[in-house]
Amino acid sequence: MKIDRRSFISLGVGVVAGTTLSPVPWKLMDDISIWTQNWPWTPAPKGGADSYKTSVCTLCPGGCGIQVRKIMDRAVKIDGLPEHPINQGKLCPLGLSGLQFLYGPSRVKSPMKRTGKRGEGKWQEISWDEAISAVTKKLKELREKDKPHSVAWVSGADKGTIPQLIGRFLTAYGSPNFIRPPSVHDAYELSAYLMQGQEGSVAFDIENSDHVLSFGTGMLQGWGSPVRMLNIYGEKRDSKKIVQIESRLSDTAAKADQWVPIKPGTEGALALGIAHVMIKESLYKKSFINKSAFGFEDWTDDNGTRHIGFKTLVLKDYDPEIVAEITSVPKSTIEKLARRFARANRPIAISGRGEGLLPGSLDECMAVHALNALVGNINKPGGVSVTSEPDYAKWPEVNIDKTASRGMQQPRIDGAGGSKYPNARYLLHRLPEVINDTKGESPVQALFVSEANPLYTLPDTKATKAAFDRIPFLVSFSSFMDETALYSDYILPNHIYLERYEDVPKPAGMVQPVIGLAKPVVKPVYNTRHVGDVVLQMAKSLGSFIEKAFPWKDYRAYLKTVFKDHWDQLEDKGFTEVKASEDKPWANRFNTATGKFEFYPSARKHPSKKDKDKDILPGFSPVPIEGKPDAYPLVLMPYDSIRLTSGNIGNPPFMTKTIDDTVLKDQTMFVEINPKTARKMGFFEGDRAVVTTPKGRAEVRLHLFDGIEPGVIAMPKGFGHTAYSKYLAGKGANFNSLIGPITDPMSGLNTAWGIRAKIVTA
């Protein structure tokens, strides 16, 4: 299978990385034109003086600076902020579409109380006083029953002042159950902790690297900060070689210098095959390995027990001939990848599929990270480092009562941090399983959800809905009528990002400690309220020591107190740099028991009783995928696109209009299939079919695509919404309804990257 990269780009892939960065093709975003989406109404701002307001976009974790043009009091256009260090004046399609969220029809306009069955869509508008009273009444009841630990809060992020405010509220109340949705950076952070002994965010200095070996990372599909990645692929390509390893010819692969097709799920084995060549041919950095690494060679512990080292493991089990059979990557290609990577000046290896909403296998992440150690490019410019989180929002510990103390001593409902998964911080994918497997009443009696949409984003939608049915009290703070909001008992709508203050920490993977400030550029359009203010009001309503833990009159006052000397700069420029007090840029320090980078992590033994005496080494343990090959002969995997949002934010009409008709036509989405596979099954381009997995089914059309491995089919993520508005709901199918989670026995993280499937004629 051969596809000329330049020819492929000329057919349209360049639209993603090229025209997104240019203001010319986006002229249709100007003023009134953004409303030409077949909507029944076209708001026309009155004439008047124009002005500009600066802020930060929070529609994704990218944290791009924006400037909003206004005509009188109405926002009419969003551009990138030229001086902002993250995006440097550029924006992705989602950021450019922001006004459709501000004025769109899916907004929740006031507090709502459910009057019909869950999901039925019958609501009653209520006042804010009534809404907060109903919520705090339930919280008081649970405390009176000595069950504060039965409250859980799913927050879209865990960094920044709003998550910390929520976490402080839960601590004062007596619940340990603050939970964040997963991402690939969970596996990265755990790998860094086990191998380097460092806690914090893993940063990748890709800008200063000269060779990027990417194991499926969707740098042009929304990974990390999308515009940062677009800049790296666009303006800064001359100084680096990018190699993309993945099963499908994605936009990232098509724009890379080299695409290496691979059997899905075998990326960890390929990393170790590359390591084999580097070790066998002595291409690794001996100075780093000899002085700063532990566990590379075989070693004996204080008890006289002999342990296998990384070198022995790799040379014994991962010969390129063996790896070629596992991965379908030719032996010669493996050898060339290893030699080019090892001989680069500042090479960097990264992993994670698509935009990174799946944590992935700890084995795979450790195997890829081991390559960075072999070239000695850790804690150096152009390499990988661990940065501590800025401590700008630390406050004295909360004084709690006996009820809260007992609640905080209870194990987390998702099992994170417990005896089985001691190093995991959040395991949201386990929540439905825990609830559904519990006899009697649900361990979660009240669930709060903010800036997240678990009924859409969690795998196994059916099981998630069944779990939510068992939760007696569900509160959403969504600005939009998303799936979780539609299924809630109360909706307390948050301001959207153009209407509120909020600090925006640096995006995942970035070295520079940039903190942005989202500021209100318009007055709230509807009767919404800042979630930070609602948390403060809830605390005051609960009274006593909980109220005393929150001495601020409102969220803005809290924010000003937090940033102190940085506030004026944040208000003026929209961003600042706030470094952790102990940070030393590029310090070559490892906080492990040995004081070195550890190929064998001494911080932890194997969690299972059966394997408790086994060493943890980077190795290849294939992640099982659900389904029997006889019944389901194909492998279904998802793919991300920068034109499709697949997280808690639904696709705006503008972005939906940019989707190719080989991805979505009318209301039906396409599934990609290799022409050879299609011919064997008797299918042709555009045929209607039904995809079935052990978890569900979806009606689709087929798109024959040479850029995918035979026997594998690929489905776009971001379709299948059942809520929001008629402009989004009913288009395609939600991939999460066709797949279930698979828990990594080592970390507890969800590792399910695909599922077995079959296709029949519709």
# chains A, B, ... in the order shown; residues from 1 in each chain; ligands from 1
$ residues_around --residues "Tyr526 of chain A" --least-positions-apart "6" --cutoff "10 Å" --atoms "only C-alpha atoms" --output "count of residues only"
8
$ closest_atom_pairs --of "segment 354-393 of chain A" --to "segment 504-524 of chain A" --cutoff "9 Å" --atoms "only C-alpha atoms" --output "Markdown table"
| residue | atom | partner | partner_atom | distance |
| --- | --- | --- | --- | --- |
| A:Val384 | CA | A:Val511 | CA | 9.0 |
| A:Ser385 | CA | A:Val511 | CA | 7.9 |
| A:Val386 | CA | A:Val511 | CA | 8.7 |
| A:Thr387 | CA | A:Val511 | CA | 7.5 |
| A:Glu389 | CA | A:Pro513 | CA | 8.7 |
| A:Pro390 | CA | A:Pro513 | CA | 8.0 |
$ closest_residue --among "A:Val56, A:Ala485, A:Leu165, A:Val449" --to "Phe550 of chain A" --atoms "only C-alpha atoms"
A:Leu165
$ residues_around --residues "Gly407 of chain A" --least-positions-apart "6" --cutoff "10 Å" --atoms "only C-alpha atoms" --output "VMD selection string"
chain A and resid 143 146 to 151 170 to 177
$ residues_around --residues "Gly89 of chain A" --least-positions-apart "6" --cutoff "12 Å" --atoms "only C-alpha atoms" --output "CSV table (one decimal) with C-alpha atoms, in the first residue's frame"
chain,number,residue,atom,x,y,z
A,20,THR,CA,-6.7,27.0,10.0
A,21,LEU,CA,-3.7,29.2,10.6
A,22,SER,CA,-4.5,31.7,8.0
A,23,PRO,CA,-7.2,34.4,8.5
A,54,THR,CA,-9.1,40.2,25.3
A,56,VAL,CA,-8.7,33.2,26.9
A,64,CYS,CA,-5.3,30.2,23.6
A,65,GLY,CA,-5.5,33.9,24.0
A,66,ILE,CA,-8.3,35.6,22.1
A,67,GLN,CA,-9.6,39.1,21.2
A,78,ILE,CA,-13.3,36.1,17.7
A,79,ASP,CA,-9.6,36.2,16.6
A,80,GLY,CA,-6.4,34.9,18.2
A,81,LEU,CA,-4.5,37.3,20.4
A,82,PRO,CA,-1.2,38.0,18.6
A,83,GLU,CA,0.9,38.5,21.7
A,95,GLY,CA,-12.1,28.7,18.9
A,96,LEU,CA,-13.2,30.7,15.9
A,227,VAL,CA,-2.8,25.6,17.8
A,228,ARG,CA,0.6,24.9,19.4
A,231,ASN,CA,2.4,25.9,14.7
$ atom_distance --atom1 "atom CA of Asp129 of chain A" --atom2 "atom CA of Arg74 of chain A"
28.7 Å
$ residues_around --residues "segment 624-627 of chain A" --least-positions-apart "2" --cutoff "8 Å" --atoms "only C-alpha atoms" --output "tab-separated table (two decimals) with N, CA and C atoms, in the first residue's frame"
chain	number	residue	atom	x	y	z
A	622	PRO	N	-0.06	-7.09	25.66
A	622	PRO	CA	-1.12	-6.66	24.77
A	622	PRO	C	-2.43	-6.43	25.52
A	629	PRO	N	-13.20	-13.38	17.96
A	629	PRO	CA	-12.93	-13.22	16.52
A	629	PRO	C	-13.91	-13.96	15.63
A	631	ALA	N	-17.09	-14.48	16.07
A	631	ALA	CA	-18.35	-13.74	15.98
A	631	ALA	C	-18.15	-12.34	15.44
A	632	TYR	N	-16.99	-11.75	15.74
A	632	TYR	CA	-16.71	-10.37	15.34
A	632	TYR	C	-15.34	-10.35	14.64
A	693	THR	N	-21.08	-4.49	17.67
A	693	THR	CA	-20.04	-4.90	18.61
A	693	THR	C	-20.72	-5.58	19.80
A	694	PRO	N	-19.96	-6.16	20.71
A	694	PRO	CA	-20.58	-6.75	21.90
A	694	PRO	C	-21.33	-5.74	22.76
A	740	GLY	N	-16.70	-0.82	25.56
A	740	GLY	CA	-16.67	-0.78	27.01
A	740	GLY	C	-15.26	-0.54	27.50
A	742	ILE	N	-11.69	-1.22	29.58
A	742	ILE	CA	-10.84	-2.33	30.00
A	742	ILE	C	-9.83	-1.76	30.98
A	752	ALA	N	-8.87	0.59	26.93
A	752	ALA	CA	-9.61	0.10	25.76
A	752	ALA	C	-9.45	1.06	24.59
A	753	TRP	N	-8.71	0.64	23.58
A	753	TRP	CA	-8.49	1.47	22.39
A	753	TRP	C	-9.38	1.04	21.23
A	754	GLY	N	-10.00	-0.13	21.32
A	754	GLY	CA	-10.84	-0.63	20.24
A	754	GLY	C	-11.67	-1.80	20.72
A	755	ILE	N	-12.46	-2.37	19.81
A	755	ILE	CA	-13.33	-3.50	20.15
A	755	ILE	C	-13.59	-4.29	18.87
A	756	ARG	N	-13.85	-5.57	19.02
A	756	ARG	CA	-14.16	-6.38	17.84
A	756	ARG	C	-15.56	-6.05	17.32
A	757	ALA	N	-15.71	-6.19	16.00
A	757	ALA	CA	-16.97	-5.78	15.37
A	757	ALA	C	-17.25	-6.63	14.15
$ atom_distance --atom1 "atom CA of Leu270 of chain A" --atom2 "atom CA of Ile348 of chain A"
15.4 Å
$ atom_distance --atom1 "atom CA of Leu704 of chain A" --atom2 "atom CA of Thr217 of chain A"
23.7 Å
$ residues_around --residues "segment 659-667 of chain A" --least-positions-apart "5" --cutoff "8 Å" --atoms "only C-alpha atoms" --output "list in words"
Arg643, Leu644, His703, Pro716, Gly730, Lys731 and Gly732 of chain A
$ write_last_selection --atoms "N, CA and C atoms" --output "PDB file, in the first residue's frame"
ATOM      1  N   ARG A 643     -11.881  18.843  13.264  1.00  0.00           N
ATOM      2  CA  ARG A 643     -13.170  19.422  12.861  1.00  0.00           C
ATOM      3  C   ARG A 643     -14.326  18.878  13.685  1.00  0.00           C
ATOM      4  N   LEU A 644     -14.045  17.941  14.594  1.00  0.00           N
ATOM      5  CA  LEU A 644     -15.093  17.307  15.394  1.00  0.00           C
ATOM      6  C   LEU A 644     -14.690  17.311  16.865  1.00  0.00           C
ATOM      7  N   HIS A 703     -16.922   3.981   3.742  1.00  0.00           N
ATOM      8  CA  HIS A 703     -15.981   4.737   2.912  1.00  0.00           C
ATOM      9  C   HIS A 703     -14.729   3.901   2.734  1.00  0.00           C
ATOM     10  N   PRO A 716     -15.329   7.839  13.260  1.00  0.00           N
ATOM     11  CA  PRO A 716     -15.019   9.147  13.852  1.00  0.00           C
ATOM     12  C   PRO A 716     -15.678   9.330  15.211  1.00  0.00           C
ATOM     13  N   GLY A 730     -28.713  13.559  16.699  1.00  0.00           N
ATOM     14  CA  GLY A 730     -29.196  12.663  15.655  1.00  0.00           C
ATOM     15  C   GLY A 730     -28.251  12.438  14.495  1.00  0.00           C
ATOM     16  N   LYS A 731     -27.056  12.986  14.571  1.00  0.00           N
ATOM     17  CA  LYS A 731     -26.086  12.799  13.487  1.00  0.00           C
ATOM     18  C   LYS A 731     -25.132  11.663  13.851  1.00  0.00           C
ATOM     19  N   GLY A 732     -25.182  10.575  13.112  1.00  0.00           N
ATOM     20  CA  GLY A 732     -24.248   9.479  13.329  1.00  0.00           C
ATOM     21  C   GLY A 732     -24.464   8.764  14.649  1.00  0.00           C
TER      22      GLY A 732
END
$ closest_residue --among "A:Gly647, A:Arg340, A:Phe590, A:Arg406" --to "Leu455 of chain A" --atoms "only C-alpha atoms"
A:Gly647
$ closest_residue --among "A:Thr668, A:Thr136, A:Thr333, A:Asn379" --to "Phe288 of chain A" --atoms "only C-alpha atoms"
A:Asn379
$ select_by_dssp --residues "segment 179-289 of chain A" --states "strand (DSSP E)" --output "PDB file with C-alpha atoms, in the first residue's frame"
ATOM      1  CA  ILE A 179     -13.141  12.962  40.027  1.00  0.00           C
ATOM      2  CA  SER A 201       2.802  17.558  34.588  1.00  0.00           C
ATOM      3  CA  VAL A 202       4.941  15.905  31.936  1.00  0.00           C
ATOM      4  CA  ALA A 203       6.167  18.520  29.472  1.00  0.00           C
ATOM      5  CA  PHE A 204       7.443  17.897  25.945  1.00  0.00           C
ATOM      6  CA  HIS A 211      13.323  14.457  15.781  1.00  0.00           C
ATOM      7  CA  VAL A 212       9.830  13.519  16.998  1.00  0.00           C
ATOM      8  CA  LEU A 213       8.937   9.824  17.198  1.00  0.00           C
ATOM      9  CA  SER A 214       5.174   9.814  17.739  1.00  0.00           C
ATOM     10  CA  PHE A 215       3.350   6.619  18.679  1.00  0.00           C
ATOM     11  CA  GLY A 216      -0.140   7.627  17.546  1.00  0.00           C
ATOM     12  CA  THR A 217      -0.221  11.090  19.109  1.00  0.00           C
ATOM     13  CA  LYS A 241      11.804  15.365  11.426  1.00  0.00           C
ATOM     14  CA  ILE A 242       8.420  13.975  12.474  1.00  0.00           C
ATOM     15  CA  VAL A 243       7.682  10.247  12.302  1.00  0.00           C
ATOM     16  CA  GLN A 244       4.089   9.155  12.918  1.00  0.00           C
ATOM     17  CA  ILE A 245       3.422   5.554  13.946  1.00  0.00           C
ATOM     18  CA  GLN A 258       7.239   9.466   7.539  1.00  0.00           C
ATOM     19  CA  TRP A 259       4.146   7.417   8.293  1.00  0.00           C
ATOM     20  CA  VAL A 260       4.711   3.940   9.742  1.00  0.00           C
TER      21      VAL A 260
END
